[in-house]
Amino acid sequence: MICIDVTELLNVDYISGIQRVVKEVTVRWIERKEELLLLKYDTQKNWFWIVDSIKFYQYYTGRLKKKKLLSAKKMKISEFGRQHIFFDMDSVWMNPLKRSYLLPALKEQGVKLAAHIYDVIPVTEAVYCHAFTTVCFMEYLGAQLKYADLIITNAHATVDALKQITEGTDAENIHTAVVKLGSDMQQYKSGQKVRDKIKKIPEKGAYILMVGTLEPRKNHKFILNAFDQKLFADEISLVFAGRIGWNIESFVTSVKEHCQFGRQLFLIEDATDEEISFLYKHTLAVAFPSYNEGFGLPVIEAIHNGAIVLAADIPVLHEAGGEFCRYFSLEHVDEFIDYVQTYRKYPKTYSEDKEKLNNYKSYTWDGCAAKMLRILKNGGDR
């Protein structure tokens with residue numbers, strides 16, 4: 001039986017990044033009628049409440065409106081045993097139940113331990129993370145490297161980063177497996193659920209889209225700088241779609257006070273999957289200038305939806321987008337500007353790049369969930 005701590009997922013009201021992975025994978029495992037134990041930690045009582053899997057499925061597929069998912073059953077740490085696989089898939093480093101306490105206890109009871117490590121950026125590039133997040137993540141990663149039987153990542157670049165961190169330690173031979181994430185987010189259909197303010201954006205003309213949480217690592221400033229230099233003057237709009245993250249307040253203020261805000265500059269903090277899909281389908285191109293990523297989920301979502309992607313020239317994004325992206329240096333904003341202007345000036349070049357996307361073979365969430373399940377059950381990448 002696979003046990004998943006979904007405490008952090010249940011504590012938030014948005015679905016992006018890690019939350020999307022937990023939702024998409026878990027929903028599919030429930031559909032397959034896999035033996036699952038979904039858990040929510042109770043800080044006061046130091047035990048887990050068991051989440052009703054059916055209600056979880058209904059809520060995260062839109063069939064249940066209220067997030068009242070807990071059953072009346074509880075699970076103490078001492079009750080886990082050899083029949084269980086404890087799989088940390090959520091952002092549990094923010095959980096009050098620290099893994100340096102939990103994992104050795106589970107290990108002693110014969111539980112198989114596995115973790116989904118999305119990236120190690122809080123360790124390798126802490127400047128892009130909140131100090132509290134870095135401290136929590138380092139505790140979490142240290143515990144996983146010491147006790148986990150298996151670590152799943154989404155990119156070989158993350159495996160390489162783990163090897164660099166663990167070189168010369170007892171954890172350097174830890175078993176890892178790579179599973180790509182799915183790109184098939186819910187599709188836009190017949191304009192349903194897409195608000196008028198979003199439908200009107202394509203009517204204003206060509207626009208560049210950035211999807212993802214607004215935070216320093218995502219490098220939204222790079223794209224806004226490109227527009228301030230030349231692209232606003234070319235009558236191209238810029239759309240930021242994502243919730244507001246940490247240490248980004250001054251930038252958000254500058255966006256909202258920008259002379260083009262509401263005319264050629266848009267910030268959508270609460271876009272639904274349908275609205276994101278709509279924006280993908282109508283954009284001139286998607287910009288992805290991140291300094292680093294664990295995978296780059298919007299890259300493959302955009303390609304899946306037929307959108308050209310202009311991505312930062314970093315290894316992990318080459319791994320995600322391959323030949324289906326155009327890459328630019330983060331050292332030279334003119335490279336990004338040139339790509340956008342070329343697409344406007346030379347429709348044939350733009351059409352050729354769009355046609356290349358027809359050869360893209362989407363990796364689905366069904367495939368992701370199935371492969372992850374095989375690895376967890378078999379202990380290897382099979």
# chains A, B, ... in the order shown; residues from 1 in each chain; ligands from 1
>>> residues_around(residues="segment 261-265 of chain A", least_positions_apart="5", cutoff="8 Å", atoms="only C-alpha atoms", output="MDAnalysis selection string")
chainID A and resid 232 235:239 255:256
>>> write_last_selection(atoms="C-alpha atoms", output="PDB file, in the first residue's frame")
ATOM      1  CA  PHE A 232       5.872  47.494 -26.124  1.00  0.00           C
ATOM      2  CA  GLU A 235       2.633  46.978 -30.125  1.00  0.00           C
ATOM      3  CA  ILE A 236       3.081  43.552 -28.540  1.00  0.00           C
ATOM      4  CA  SER A 237       1.435  42.825 -25.194  1.00  0.00           C
ATOM      5  CA  LEU A 238       2.837  40.923 -22.219  1.00  0.00           C
ATOM      6  CA  VAL A 239       0.809  38.599 -19.990  1.00  0.00           C
ATOM      7  CA  VAL A 255       3.911  45.970 -12.781  1.00  0.00           C
ATOM      8  CA  LYS A 256       0.672  47.358 -11.380  1.00  0.00           C
TER       9      LYS A 256
END
>>> closest_residue(among="A:Phe86, A:Phe227, A:Trp47, A:Phe222", to="Gln341 of chain A", atoms="only C-alpha atoms")
A:Phe227
>>> select_by_dssp(residues="segment 48-87 of chain A", states="strand (DSSP E)", output="ChimeraX atom specification")
/A:48-51,70-75,85-87
>>> closest_atom_pairs(of="segment 236-302 of chain A", to="segment 104-126 of chain A", cutoff="9 Å", atoms="only C-alpha atoms", output="JSON lines")
{"residue": "A:Asn292", "atom": "CA", "partner": "A:Ile121", "partner_atom": "CA", "distance": 7.5}
{"residue": "A:Glu293", "atom": "CA", "partner": "A:Asp119", "partner_atom": "CA", "distance": 7.0}
{"residue": "A:Gly294", "atom": "CA", "partner": "A:Asp119", "partner_atom": "CA", "distance": 4.4}
{"residue": "A:Phe295", "atom": "CA", "partner": "A:Tyr118", "partner_atom": "CA", "distance": 7.5}
>>> select_by_dssp(residues="segment 198-272 of chain A", states="helix (DSSP H, G or I)", output="NGL selection string")
:A and (198-199 or 202-204 or 216-218 or 220-231 or 249-256)
>>> closest_residue(among="A:Glu215, A:Asn154, A:Leu224, A:Lys204", to="Gly296 of chain A", atoms="only C-alpha atoms")
A:Asn154
>>> residues_around(residues="Ala171 of chain A", least_positions_apart="4", cutoff="9 Å", atoms="only C-alpha atoms", output="JSON, numbers by chain")
{"A": [145, 146, 163, 166, 167]}
>>> write_last_selection(atoms="all heavy atoms", output="compact mmCIF listing (two decimals), in the first residue's frame")
# COMPACT_ATOMS: atom_id res chain seq x y z
N LEU A 145 18.08 11.72 1.82
CA LEU A 145 19.33 11.14 1.33
C LEU A 145 19.85 10.06 2.28
O LEU A 145 20.51 9.11 1.86
CB LEU A 145 20.38 12.23 1.14
CG LEU A 145 20.12 13.22 0.00
CD1 LEU A 145 21.16 14.33 0.00
CD2 LEU A 145 20.09 12.51 -1.35
N LYS A 146 19.55 10.20 3.55
CA LYS A 146 20.03 9.22 4.53
C LYS A 146 19.14 7.99 4.61
O LYS A 146 19.64 6.86 4.75
CB LYS A 146 20.13 9.88 5.91
CG LYS A 146 20.71 8.95 6.98
CD LYS A 146 20.94 9.68 8.29
CE LYS A 146 21.57 8.75 9.33
NZ LYS A 146 21.84 9.46 10.60
N LYS A 163 24.02 14.06 -7.35
CA LYS A 163 25.32 13.39 -7.32
C LYS A 163 26.42 14.34 -6.86
O LYS A 163 27.32 13.95 -6.12
CB LYS A 163 25.64 12.83 -8.71
CG LYS A 163 24.81 11.61 -9.09
CD LYS A 163 25.17 11.10 -10.47
CE LYS A 163 24.35 9.86 -10.83
NZ LYS A 163 24.66 9.38 -12.21
N THR A 166 26.05 14.77 -3.07
CA THR A 166 26.34 13.58 -2.25
C THR A 166 27.72 12.98 -2.51
O THR A 166 28.09 12.00 -1.85
CB THR A 166 25.28 12.49 -2.50
OG1 THR A 166 25.28 12.15 -3.90
CG2 THR A 166 23.90 12.98 -2.10
N GLU A 167 28.48 13.53 -3.44
CA GLU A 167 29.78 12.96 -3.77
C GLU A 167 30.68 12.88 -2.52
O GLU A 167 30.84 13.83 -1.77
CB GLU A 167 30.48 13.82 -4.83
CG GLU A 167 31.77 13.22 -5.34
CD GLU A 167 32.39 14.03 -6.46
OE1 GLU A 167 31.82 15.09 -6.82
OE2 GLU A 167 33.44 13.61 -6.98
>>> residues_around(residues="Val333 of chain A", least_positions_apart="4", cutoff="9 Å", atoms="only C-alpha atoms", output="PyMOL selection string")
chain A and resi 222-223+225-226+328-329+337-338
>>> write_last_selection(atoms="C-alpha atoms", output="PDB file, in the first residue's frame")
ATOM      1  CA  PHE A 222      14.085  39.939 -17.730  1.00  0.00           C
ATOM      2  CA  ILE A 223      11.006  39.783 -19.944  1.00  0.00           C
ATOM      3  CA  ASN A 225      12.909  44.706 -19.453  1.00  0.00           C
ATOM      4  CA  ALA A 226      12.772  43.389 -23.022  1.00  0.00           C
ATOM      5  CA  PHE A 328      18.193  32.556 -25.523  1.00  0.00           C
ATOM      6  CA  SER A 329      20.996  33.651 -23.227  1.00  0.00           C
ATOM      7  CA  ILE A 337      13.909  40.545 -28.457  1.00  0.00           C
ATOM      8  CA  ASP A 338      15.288  39.376 -31.818  1.00  0.00           C
TER       9      ASP A 338
END
>>> closest_residue(among="A:Thr7, A:Lys74, A:Ile54, A:Ala177", to="Asn95 of chain A", atoms="only C-alpha atoms")
A:Thr7
>>> residues_around(residues="Glu203 of chain A", least_positions_apart="2", cutoff="12 Å", atoms="only C-alpha atoms", output="number ranges by chain")
A: 196-201, 205-207, 236-237, 263-264, 279, 282-283
>>> write_last_selection(atoms="N, CA, C and O atoms", output="PDB file, in the first residue's frame")
ATOM      1  N   ASP A 196     -14.343  36.964 -19.497  1.00  0.00           N
ATOM      2  CA  ASP A 196     -14.304  37.923 -20.593  1.00  0.00           C
ATOM      3  C   ASP A 196     -12.997  38.706 -20.607  1.00  0.00           C
ATOM      4  O   ASP A 196     -12.460  39.006 -21.675  1.00  0.00           O
ATOM      5  N   LYS A 197     -12.474  39.057 -19.422  1.00  0.00           N
ATOM      6  CA  LYS A 197     -11.252  39.870 -19.383  1.00  0.00           C
ATOM      7  C   LYS A 197     -10.066  39.119 -19.995  1.00  0.00           C
ATOM      8  O   LYS A 197      -9.123  39.742 -20.502  1.00  0.00           O
ATOM      9  N   ILE A 198     -10.121  37.788 -19.968  1.00  0.00           N
ATOM     10  CA  ILE A 198      -9.051  36.988 -20.559  1.00  0.00           C
ATOM     11  C   ILE A 198      -9.316  36.765 -22.043  1.00  0.00           C
ATOM     12  O   ILE A 198      -8.394  36.799 -22.862  1.00  0.00           O
ATOM     13  N   LYS A 199     -10.572  36.573 -22.400  1.00  0.00           N
ATOM     14  CA  LYS A 199     -10.923  36.418 -23.818  1.00  0.00           C
ATOM     15  C   LYS A 199     -10.543  37.658 -24.626  1.00  0.00           C
ATOM     16  O   LYS A 199     -10.215  37.568 -25.817  1.00  0.00           O
ATOM     17  N   LYS A 200     -10.556  38.809 -23.979  1.00  0.00           N
ATOM     18  CA  LYS A 200     -10.291  40.059 -24.686  1.00  0.00           C
ATOM     19  C   LYS A 200      -8.807  40.290 -24.958  1.00  0.00           C
ATOM     20  O   LYS A 200      -8.456  41.126 -25.799  1.00  0.00           O
ATOM     21  N   ILE A 201      -7.926  39.565 -24.264  1.00  0.00           N
ATOM     22  CA  ILE A 201      -6.491  39.798 -24.441  1.00  0.00           C
ATOM     23  C   ILE A 201      -6.041  39.541 -25.876  1.00  0.00           C
ATOM     24  O   ILE A 201      -5.364  40.383 -26.479  1.00  0.00           O
ATOM     25  N   GLY A 205      -4.355  42.082 -29.920  1.00  0.00           N
ATOM     26  CA  GLY A 205      -3.219  41.841 -30.795  1.00  0.00           C
ATOM     27  C   GLY A 205      -2.275  40.799 -30.238  1.00  0.00           C
ATOM     28  O   GLY A 205      -2.610  40.069 -29.297  1.00  0.00           O
ATOM     29  N   ALA A 206      -1.078  40.729 -30.820  1.00  0.00           N
ATOM     30  CA  ALA A 206      -0.101  39.713 -30.413  1.00  0.00           C
ATOM     31  C   ALA A 206       0.357  39.934 -28.974  1.00  0.00           C
ATOM     32  O   ALA A 206       0.494  41.071 -28.514  1.00  0.00           O
ATOM     33  N   TYR A 207       0.601  38.812 -28.264  1.00  0.00           N
ATOM     34  CA  TYR A 207       1.107  38.919 -26.898  1.00  0.00           C
ATOM     35  C   TYR A 207       2.081  37.775 -26.595  1.00  0.00           C
ATOM     36  O   TYR A 207       2.017  36.705 -27.209  1.00  0.00           O
ATOM     37  N   ILE A 236       3.255  44.919 -29.035  1.00  0.00           N
ATOM     38  CA  ILE A 236       3.081  43.552 -28.540  1.00  0.00           C
ATOM     39  C   ILE A 236       2.751  43.641 -27.054  1.00  0.00           C
ATOM     40  O   ILE A 236       3.336  44.446 -26.327  1.00  0.00           O
ATOM     41  N   SER A 237       1.820  42.829 -26.607  1.00  0.00           N
ATOM     42  CA  SER A 237       1.435  42.825 -25.194  1.00  0.00           C
ATOM     43  C   SER A 237       2.188  41.745 -24.427  1.00  0.00           C
ATOM     44  O   SER A 237       2.745  40.813 -25.016  1.00  0.00           O
ATOM     45  N   ARG A 263      -3.303  47.840 -20.439  1.00  0.00           N
ATOM     46  CA  ARG A 263      -3.370  48.134 -21.870  1.00  0.00           C
ATOM     47  C   ARG A 263      -2.554  47.111 -22.669  1.00  0.00           C
ATOM     48  O   ARG A 263      -3.072  46.421 -23.532  1.00  0.00           O
ATOM     49  N   GLN A 264      -1.238  47.058 -22.366  1.00  0.00           N
ATOM     50  CA  GLN A 264      -0.387  46.073 -23.019  1.00  0.00           C
ATOM     51  C   GLN A 264       0.306  45.151 -22.010  1.00  0.00           C
ATOM     52  O   GLN A 264       1.020  44.236 -22.420  1.00  0.00           O
ATOM     53  N   LEU A 279      -4.977  30.845 -23.143  1.00  0.00           N
ATOM     54  CA  LEU A 279      -3.870  31.782 -23.368  1.00  0.00           C
ATOM     55  C   LEU A 279      -2.727  31.130 -24.144  1.00  0.00           C
ATOM     56  O   LEU A 279      -2.113  31.757 -25.009  1.00  0.00           O
ATOM     57  N   HIS A 282      -3.516  31.018 -27.938  1.00  0.00           N
ATOM     58  CA  HIS A 282      -3.621  32.266 -28.691  1.00  0.00           C
ATOM     59  C   HIS A 282      -2.374  33.135 -28.632  1.00  0.00           C
ATOM     60  O   HIS A 282      -2.324  34.183 -29.283  1.00  0.00           O
ATOM     61  N   THR A 283      -1.378  32.718 -27.885  1.00  0.00           N
ATOM     62  CA  THR A 283      -0.200  33.559 -27.723  1.00  0.00           C
ATOM     63  C   THR A 283       0.729  33.506 -28.933  1.00  0.00           C
ATOM     64  O   THR A 283       0.775  32.491 -29.654  1.00  0.00           O
TER      65      THR A 283
END
